[in-house]
Amino acid sequence: FGRYFIMEKASDHFVGLLLFKKRTMSSQVEIGYSLKKNHWKKGYATEVVKESIKWIFKSKDYSSIYAVTGSLNENSKNVLRRCGFLPGERFIEDGEELDVFDLHERMS
């Protein structure tokens, strides 16, 4: 997929980045996001993640999404939980403790 700018609708100002990355040989997609600090706690991350989930699952090519966040990043973990992600494994990379969150498409 790639990286995309997150723009504020009202002002058309850049507020952050969004990442989609397909896991090799899998129907799983990684989602990542980063907002400029002055745009934290405004609901942008939750809105972007919720709309991304809809878009990814609408394609029918992917059955699960995962995200990785710092174990101490409670704000990001709360965004993922609000969007339906469940906590998974914890690992250490380059000395940082990271948490994986998973979301599987609900079959109706």
# chains A, B, ... in the order shown; residues from 1 in each chain; ligands from 1
call {"tool": "select_by_dssp", "arguments": {"residues": "chain A", "states": "alpha helix (DSSP H)", "output": "list of chain:residue names"}}
result
A:Tyr44, A:Ala45, A:Thr46, A:Glu47, A:Val48, A:Val49, A:Lys50, A:Glu51, A:Ser52, A:Ile53, A:Lys54, A:Trp55, A:Ile56, A:Phe57, A:Lys58, A:Glu74, A:Asn75, A:Ser76, A:Lys77, A:Asn78, A:Val79, A:Leu80, A:Arg81, A:Arg82
call {"tool": "residues_around", "arguments": {"residues": "Lys60 of chain A", "least_positions_apart": "4", "cutoff": "10 Å", "atoms": "only C-alpha atoms", "output": "PDB file with N, CA, C and O atoms, in the first residue's frame"}}
result
ATOM      1  N   SER A  27      -3.124 -12.644   4.357  1.00  0.00           N
ATOM      2  CA  SER A  27      -4.267 -11.762   4.103  1.00  0.00           C
ATOM      3  C   SER A  27      -4.390 -10.761   5.255  1.00  0.00           C
ATOM      4  O   SER A  27      -5.470 -10.323   5.599  1.00  0.00           O
ATOM      5  N   TRP A  55     -12.442   0.582   4.950  1.00  0.00           N
ATOM      6  CA  TRP A  55     -11.866   0.546   3.608  1.00  0.00           C
ATOM      7  C   TRP A  55     -11.118  -0.764   3.364  1.00  0.00           C
ATOM      8  O   TRP A  55     -11.265  -1.381   2.308  1.00  0.00           O
ATOM      9  N   ILE A  56     -10.321  -1.195   4.335  1.00  0.00           N
ATOM     10  CA  ILE A  56      -9.540  -2.433   4.177  1.00  0.00           C
ATOM     11  C   ILE A  56     -10.457  -3.648   4.039  1.00  0.00           C
ATOM     12  O   ILE A  56     -10.292  -4.469   3.145  1.00  0.00           O
ATOM     13  N   GLU A 105     -11.894  -9.542  10.711  1.00  0.00           N
ATOM     14  CA  GLU A 105     -13.171  -9.184  10.101  1.00  0.00           C
ATOM     15  C   GLU A 105     -14.273 -10.068  10.668  1.00  0.00           C
ATOM     16  O   GLU A 105     -14.116 -11.287  10.771  1.00  0.00           O
TER      17      GLU A 105
END
call {"tool": "select_by_dssp", "arguments": {"residues": "chain A", "states": "strand (DSSP E)", "output": "VMD selection string"}}
result
chain A and resid 2 to 7 14 to 22 28 to 35 64 to 70 86 to 93 96 to 104
call {"tool": "residues_around", "arguments": {"residues": "Leu103 of chain A", "least_positions_apart": "6", "cutoff": "7 Å", "atoms": "only C-alpha atoms", "output": "PyMOL selection string"}}
result
chain A and resi 64-66+84-86
call {"tool": "write_last_selection", "arguments": {"atoms": "all heavy atoms", "output": "PDB file, in the first residue's frame"}}
result
ATOM      1  N   SER A  64      -7.713  -9.714   8.269  1.00  0.00           N
ATOM      2  CA  SER A  64      -7.322  -9.197   9.577  1.00  0.00           C
ATOM      3  C   SER A  64      -6.359  -8.030   9.432  1.00  0.00           C
ATOM      4  O   SER A  64      -5.670  -7.879   8.415  1.00  0.00           O
ATOM      5  CB  SER A  64      -6.712 -10.293  10.453  1.00  0.00           C
ATOM      6  OG  SER A  64      -5.472 -10.713   9.947  1.00  0.00           O
ATOM      7  N   ILE A  65      -6.353  -7.214  10.466  1.00  0.00           N
ATOM      8  CA  ILE A  65      -5.510  -6.026  10.527  1.00  0.00           C
ATOM      9  C   ILE A  65      -4.763  -6.087  11.848  1.00  0.00           C
ATOM     10  O   ILE A  65      -5.316  -6.530  12.856  1.00  0.00           O
ATOM     11  CB  ILE A  65      -6.361  -4.736  10.481  1.00  0.00           C
ATOM     12  CG1 ILE A  65      -7.265  -4.727   9.252  1.00  0.00           C
ATOM     13  CG2 ILE A  65      -5.473  -3.495  10.522  1.00  0.00           C
ATOM     14  CD1 ILE A  65      -8.309  -3.610   9.267  1.00  0.00           C
ATOM     15  N   TYR A  66      -3.519  -5.649  11.834  1.00  0.00           N
ATOM     16  CA  TYR A  66      -2.804  -5.559  13.093  1.00  0.00           C
ATOM     17  C   TYR A  66      -2.100  -4.209  13.185  1.00  0.00           C
ATOM     18  O   TYR A  66      -1.881  -3.529  12.181  1.00  0.00           O
ATOM     19  CB  TYR A  66      -1.819  -6.719  13.276  1.00  0.00           C
ATOM     20  CG  TYR A  66      -0.584  -6.669  12.414  1.00  0.00           C
ATOM     21  CD1 TYR A  66       0.620  -6.206  12.924  1.00  0.00           C
ATOM     22  CD2 TYR A  66      -0.623  -7.098  11.092  1.00  0.00           C
ATOM     23  CE1 TYR A  66       1.766  -6.169  12.132  1.00  0.00           C
ATOM     24  CE2 TYR A  66       0.508  -7.071  10.306  1.00  0.00           C
ATOM     25  CZ  TYR A  66       1.690  -6.601  10.825  1.00  0.00           C
ATOM     26  OH  TYR A  66       2.818  -6.561  10.049  1.00  0.00           O
ATOM     27  N   GLY A  84     -11.938  -1.578  18.137  1.00  0.00           N
ATOM     28  CA  GLY A  84     -12.235  -3.011  18.107  1.00  0.00           C
ATOM     29  C   GLY A  84     -11.033  -3.935  18.134  1.00  0.00           C
ATOM     30  O   GLY A  84     -11.191  -5.157  18.099  1.00  0.00           O
ATOM     31  N   PHE A  85      -9.829  -3.402  18.168  1.00  0.00           N
ATOM     32  CA  PHE A  85      -8.631  -4.236  18.216  1.00  0.00           C
ATOM     33  C   PHE A  85      -8.499  -4.880  19.597  1.00  0.00           C
ATOM     34  O   PHE A  85      -8.886  -4.292  20.613  1.00  0.00           O
ATOM     35  CB  PHE A  85      -7.375  -3.395  17.959  1.00  0.00           C
ATOM     36  CG  PHE A  85      -7.172  -3.007  16.525  1.00  0.00           C
ATOM     37  CD1 PHE A  85      -7.885  -1.957  15.964  1.00  0.00           C
ATOM     38  CD2 PHE A  85      -6.256  -3.686  15.732  1.00  0.00           C
ATOM     39  CE1 PHE A  85      -7.691  -1.582  14.650  1.00  0.00           C
ATOM     40  CE2 PHE A  85      -6.054  -3.319  14.409  1.00  0.00           C
ATOM     41  CZ  PHE A  85      -6.774  -2.268  13.869  1.00  0.00           C
ATOM     42  N   LEU A  86      -7.925  -6.069  19.608  1.00  0.00           N
ATOM     43  CA  LEU A  86      -7.664  -6.793  20.847  1.00  0.00           C
ATOM     44  C   LEU A  86      -6.159  -6.916  21.051  1.00  0.00           C
ATOM     45  O   LEU A  86      -5.416  -7.140  20.089  1.00  0.00           O
ATOM     46  CB  LEU A  86      -8.289  -8.181  20.807  1.00  0.00           C
ATOM     47  CG  LEU A  86      -9.809  -8.221  20.669  1.00  0.00           C
ATOM     48  CD1 LEU A  86     -10.289  -9.651  20.489  1.00  0.00           C
ATOM     49  CD2 LEU A  86     -10.472  -7.574  21.876  1.00  0.00           C
TER      50      LEU A  86
END
call {"tool": "closest_residue", "arguments": {"among": "A:Ala67, A:Leu72, A:Val29, A:Cys83", "to": "Val49 of chain A", "atoms": "only C-alpha atoms"}}
result
A:Cys83
call {"tool": "residues_around", "arguments": {"residues": "segment 32-41 of chain A", "least_positions_apart": "4", "cutoff": "6 Å", "atoms": "only C-alpha atoms", "output": "PyMOL selection string"}}
result
chain A and resi 15-19
call {"tool": "write_last_selection", "arguments": {"atoms": "N, CA and C atoms", "output": "compact mmCIF listing (two decimals), in the first residue's frame"}}
result
# COMPACT_ATOMS: atom_id res chain seq x y z
N VAL A 15 -1.81 16.96 9.40
CA VAL A 15 -1.82 16.65 10.84
C VAL A 15 -1.08 15.36 11.17
N GLY A 16 -0.78 14.53 10.15
CA GLY A 16 -0.07 13.29 10.45
C GLY A 16 0.06 12.39 9.24
N LEU A 17 0.48 11.14 9.54
CA LEU A 17 0.68 10.13 8.50
C LEU A 17 -0.08 8.86 8.82
N LEU A 18 -0.47 8.16 7.78
CA LEU A 18 -1.16 6.87 7.88
C LEU A 18 -0.38 5.87 7.03
N LEU A 19 -0.22 4.66 7.55
CA LEU A 19 0.51 3.60 6.86
C LEU A 19 -0.37 2.38 6.69
call {"tool": "closest_residue", "arguments": {"among": "A:Thr46, A:Ser63, A:Asn75, A:Ser52", "to": "Ser26 of chain A", "atoms": "only C-alpha atoms"}}
result
A:Ser63
call {"tool": "closest_residue", "arguments": {"among": "A:Ala45, A:Leu98, A:Met25, A:Ile92", "to": "Tyr62 of chain A", "atoms": "only C-alpha atoms"}}
result
A:Met25
call {"tool": "closest_residue", "arguments": {"among": "A:Val48, A:Val68, A:Ile31, A:Arg3", "to": "Phe91 of chain A", "atoms": "only C-alpha atoms"}}
result
A:Val68
call {"tool": "closest_residue", "arguments": {"among": "A:Arg90, A:Arg23, A:Lys9, A:His104", "to": "Ile53 of chain A", "atoms": "only C-alpha atoms"}}
result
A:His104
